Amino acid sequence: MDSLIELDKELLIYLNSFHVSWLDQFMLYITQTFVWLPLYIILLYIIIIDYKKDFWIVLIGITVTILLTDGITSGIMKPYFERLRPSREPSLEGLIHLVLDHTGKVYKGGMYGFASSHAANTLGTATFFMLVFRQTRKHMWLLFVWAVGMTYTRIYLGVHYPGDILVGGTIGVICGWFGYKLVGWITRWRDQRQALST
């Protein structure tokens with residue numbers, strides 16, 4: 001375990017070293033969840049257009065997906081493992097590149113970082129939408145480009161180790177798959193009830 005932790009630190013130092021000053025504020029900007037509100041509105045629009053009166057089934061699926069990804073990573077894992085973010089790790093001070101926020105303070109994120117809720121939420125969302133719309137919306141794979149970009153910002157900003165991202169992303173994919181299966185279960189339950197009532 002110790003060797004894995006050291007490898008995680010070394011990999012972070014290597015990946016975080018690829019930075020340029022003109023990208024700092026851009027990375028800090030796009031890592032914010034609210035920035036992607038237009039994307040979420042577009043996805044909601046697609047759900048309503050494609051599923052019409054049954055849109056609520058898909059909404060339940062994505063809601064459960066996000067509740068699981070965020071609940072597992074932020075609600076359970078971070079307070080349980082209490083692994084300091086690299087930005088708050090004394091042994092990494094001066095070894096990684098950190099970015100100043102709009103107030104002039106160093107952006108460090110919260111206290112603990114394992115596992116990454118950014119990775120879990122974005123990859124959970126991407127997995128869910130790709131599976132639900134794989135037959136009708138072939139471009140949904142682009143959500144994985146968005147998810148990878150979002151998770152990379154966390155390494156660039158020095159607030160997550162690669163291991164945080166890997167574990168968080170894996171949790172996201174699993175929860176996205178579960179949300180997709182939930183949509184199928186609810187759909188079949190609805191169909192059975194309708195068949196019994198006719």
# chains A, B, ... in the order shown; residues from 1 in each chain; ligands from 1
call {"tool": "residues_around", "arguments": {"residues": "range 2-13 of chain A", "least_positions_apart": "3", "cutoff": "9 Å", "atoms": "only C-alpha atoms", "output": "MDAnalysis selection string"}}
result
chainID A and resid 16:17 86 92 95:97 155:156 158 160:163
call {"tool": "select_by_dssp", "arguments": {"residues": "range 20-191 of chain A", "states": "alpha helix (DSSP H)", "output": "VMD selection string"}}
result
chain A and resid 21 to 30 37 to 51 55 to 70 78 to 81 117 to 132 142 to 156 162 to 191
call {"tool": "closest_atom_pairs", "arguments": {"of": "range 107-184 of chain A", "to": "range 34-44 of chain A", "cutoff": "12 Å", "atoms": "only C-alpha atoms", "output": "CSV"}}
result
residue,atom,partner,partner_atom,distance
A:Thr122,CA,A:Trp36,CA,10.8
A:Thr125,CA,A:Tyr40,CA,9.9
A:Ala126,CA,A:Leu43,CA,10.7
A:Phe128,CA,A:Leu43,CA,11.4
A:Phe129,CA,A:Leu43,CA,8.5
A:Met130,CA,A:Leu43,CA,11.4
A:Val132,CA,A:Leu43,CA,11.8
A:Phe133,CA,A:Leu43,CA,10.8
A:Arg137,CA,A:Leu43,CA,11.2
A:Met140,CA,A:Leu43,CA,9.9
A:Leu142,CA,A:Leu39,CA,11.8
A:Leu143,CA,A:Leu39,CA,9.8
A:Trp146,CA,A:Trp36,CA,9.9
A:Ala147,CA,A:Trp36,CA,11.2
A:Met150,CA,A:Trp36,CA,10.2
call {"tool": "closest_residue", "arguments": {"among": "A:Glu89, A:Ser117, A:Thr103, A:Gly110", "to": "Ile76 in chain A", "atoms": "only C-alpha atoms"}}
result
A:Ser117
call {"tool": "atom_distance", "arguments": {"atom1": "CA of Phe81 in chain A", "atom2": "CA of Ile165 in chain A"}}
result
14.9 Å
call {"tool": "closest_residue", "arguments": {"among": "A:Met77, A:Ile57, A:Leu98, A:Met1", "to": "Asp164 in chain A", "atoms": "only C-alpha atoms"}}
result
A:Met77
call {"tool": "select_by_dssp", "arguments": {"residues": "range 76-185 of chain A", "states": "strand (DSSP E or B)", "output": "tab-separated table (two decimals) with C-alpha atoms, in the first residue's frame"}}
result
chain	number	residue	atom	x	y	z
A	84	LEU	CA	-5.45	14.91	2.52
A	100	LEU	CA	-4.59	31.37	-7.39
A	106	VAL	CA	-4.33	29.56	-3.49
A	112	TYR	CA	-9.91	15.45	1.87
call {"tool": "residues_around", "arguments": {"residues": "Lys181 in chain A", "least_positions_apart": "3", "cutoff": "10 Å", "atoms": "only C-alpha atoms", "output": "list in words"}}
result
Gly61, Phe128, Leu131, Val132, Cys175, Gly176, Trp177, Phe178, Gly184, Trp185, Ile186 and Thr187 of chain A
call {"tool": "atom_distance", "arguments": {"atom1": "CA of Thr65 in chain A", "atom2": "CA of Thr127 in chain A"}}
result
9.8 Å
call {"tool": "residues_around", "arguments": {"residues": "Met111 in chain A", "least_positions_apart": "6", "cutoff": "9 Å", "atoms": "only C-alpha atoms", "output": "count of residues only"}}
result
7
call {"tool": "closest_residue", "arguments": {"among": "A:Arg154, A:Lys52, A:His19, A:Arg190", "to": "Ser116 in chain A", "atoms": "only C-alpha atoms"}}
result
A:Arg154
call {"tool": "closest_residue", "arguments": {"among": "A:Tyr152, A:Asp101, A:Tyr51, A:Gly71", "to": "Leu15 in chain A", "atoms": "only C-alpha atoms"}}
result
A:Tyr152
call {"tool": "atom_distance", "arguments": {"atom1": "CA of Lys138 in chain A", "atom2": "CA of Ile49 in chain A"}}
result
15.6 Å
call {"tool": "decode", "arguments": {"residues": "range 99-187 of chain A", "atoms": "C-alpha atoms", "output": "JSON list (two decimals), in the first residue's frame"}}
result
[["chain", "number", "residue", "atom", "x", "y", "z"],
["A", 99, "VAL", "CA", -3.39, 28.07, -8.85],
["A", 100, "LEU", "CA", -4.59, 31.37, -7.39],
["A", 101, "ASP", "CA", -8.36, 31.93, -7.38],
["A", 102, "HIS", "CA", -10.13, 35.22, -8.19],
["A", 103, "THR", "CA", -9.46, 36.52, -4.66],
["A", 104, "GLY", "CA", -5.72, 35.94, -4.96],
["A", 105, "LYS", "CA", -5.73, 32.96, -2.61],
["A", 106, "VAL", "CA", -4.33, 29.56, -3.49],
["A", 107, "TYR", "CA", -7.10, 27.21, -4.62],
["A", 108, "LYS", "CA", -6.83, 24.05, -2.51],
["A", 109, "GLY", "CA", -10.31, 22.51, -2.56],
["A", 110, "GLY", "CA", -11.72, 20.80, 0.52],
["A", 111, "MET", "CA", -9.62, 19.05, 3.12],
["A", 112, "TYR", "CA", -9.91, 15.45, 1.87],
["A", 113, "GLY", "CA", -9.78, 14.08, -1.66],
["A", 114, "PHE", "CA", -10.22, 10.31, -1.73],
["A", 115, "ALA", "CA", -12.18, 9.56, -3.79],
["A", 116, "SER", "CA", -12.85, 12.27, -6.38],
["A", 117, "SER", "CA", -16.51, 13.26, -6.53],
["A", 118, "HIS", "CA", -15.79, 15.22, -9.73],
["A", 119, "ALA", "CA", -14.63, 12.01, -11.40],
["A", 120, "ALA", "CA", -17.51, 9.99, -9.97],
["A", 121, "ASN", "CA", -20.21, 12.50, -10.92],
["A", 122, "THR", "CA", -18.98, 13.24, -14.44],
["A", 123, "LEU", "CA", -18.16, 9.66, -15.41],
["A", 124, "GLY", "CA", -21.39, 8.46, -13.80],
["A", 125, "THR", "CA", -23.33, 10.98, -15.89],
["A", 126, "ALA", "CA", -21.44, 10.08, -19.07],
["A", 127, "THR", "CA", -21.95, 6.34, -18.53],
["A", 128, "PHE", "CA", -25.64, 6.75, -17.77],
["A", 129, "PHE", "CA", -26.43, 8.87, -20.82],
["A", 130, "MET", "CA", -24.33, 6.76, -23.17],
["A", 131, "LEU", "CA", -26.14, 3.59, -22.10],
["A", 132, "VAL", "CA", -29.64, 5.10, -22.10],
["A", 133, "PHE", "CA", -29.24, 6.82, -25.47],
["A", 134, "ARG", "CA", -26.79, 4.48, -27.19],
["A", 135, "GLN", "CA", -29.34, 3.46, -29.84],
["A", 136, "THR", "CA", -30.66, 6.93, -30.68],
["A", 137, "ARG", "CA", -27.98, 9.47, -29.81],
["A", 138, "LYS", "CA", -24.63, 8.22, -31.10],
["A", 139, "HIS", "CA", -22.84, 11.43, -30.08],
["A", 140, "MET", "CA", -23.30, 10.73, -26.35],
["A", 141, "TRP", "CA", -19.78, 9.29, -26.23],
["A", 142, "LEU", "CA", -18.62, 12.92, -26.30],
["A", 143, "LEU", "CA", -19.70, 13.15, -22.67],
["A", 144, "PHE", "CA", -16.67, 11.01, -21.87],
["A", 145, "VAL", "CA", -14.44, 13.68, -23.43],
["A", 146, "TRP", "CA", -16.10, 16.21, -21.12],
["A", 147, "ALA", "CA", -15.71, 13.88, -18.11],
["A", 148, "VAL", "CA", -12.02, 13.23, -18.79],
["A", 149, "GLY", "CA", -11.42, 16.96, -19.26],
["A", 150, "MET", "CA", -13.15, 17.75, -15.99],
["A", 151, "THR", "CA", -11.18, 15.14, -14.07],
["A", 152, "TYR", "CA", -7.90, 16.29, -15.62],
["A", 153, "THR", "CA", -8.49, 19.79, -14.23],
["A", 154, "ARG", "CA", -8.35, 18.29, -10.73],
["A", 155, "ILE", "CA", -4.83, 16.98, -11.33],
["A", 156, "TYR", "CA", -3.76, 20.19, -13.08],
["A", 157, "LEU", "CA", -4.98, 22.23, -10.11],
["A", 158, "GLY", "CA", -3.20, 19.90, -7.68],
["A", 159, "VAL", "CA", -6.31, 19.01, -5.69],
["A", 160, "HIS", "CA", -6.49, 15.29, -6.54],
["A", 161, "TYR", "CA", -4.12, 12.40, -6.94],
["A", 162, "PRO", "CA", -4.50, 10.17, -10.02],
["A", 163, "GLY", "CA", -5.63, 7.41, -7.63],
["A", 164, "ASP", "CA", -8.47, 9.64, -6.40],
["A", 165, "ILE", "CA", -9.56, 10.08, -10.01],
["A", 166, "LEU", "CA", -9.24, 6.39, -10.90],
["A", 167, "VAL", "CA", -11.28, 5.19, -7.93],
["A", 168, "GLY", "CA", -13.84, 7.97, -8.24],
["A", 169, "GLY", "CA", -14.22, 7.33, -11.97],
["A", 170, "THR", "CA", -14.71, 3.60, -11.40],
["A", 171, "ILE", "CA", -17.42, 4.33, -8.85],
["A", 172, "GLY", "CA", -19.02, 6.69, -11.35],
["A", 173, "VAL", "CA", -19.11, 4.09, -14.12],
["A", 174, "ILE", "CA", -20.65, 1.49, -11.79],
["A", 175, "CYS", "CA", -23.28, 3.94, -10.51],
["A", 176, "GLY", "CA", -24.04, 5.08, -14.06],
["A", 177, "TRP", "CA", -24.62, 1.46, -15.06],
["A", 178, "PHE", "CA", -26.86, 0.97, -12.01],
["A", 179, "GLY", "CA", -28.88, 4.07, -12.91],
["A", 180, "TYR", "CA", -29.30, 2.71, -16.44],
["A", 181, "LYS", "CA", -30.49, -0.66, -15.11],
["A", 182, "LEU", "CA", -32.90, 1.18, -12.81],
["A", 183, "VAL", "CA", -34.46, 2.87, -15.84],
["A", 184, "GLY", "CA", -35.03, -0.58, -17.34],
["A", 185, "TRP", "CA", -36.53, -1.96, -14.13],
["A", 186, "ILE", "CA", -38.93, 0.98, -13.75],
["A", 187, "THR", "CA", -39.93, 0.76, -17.41]]
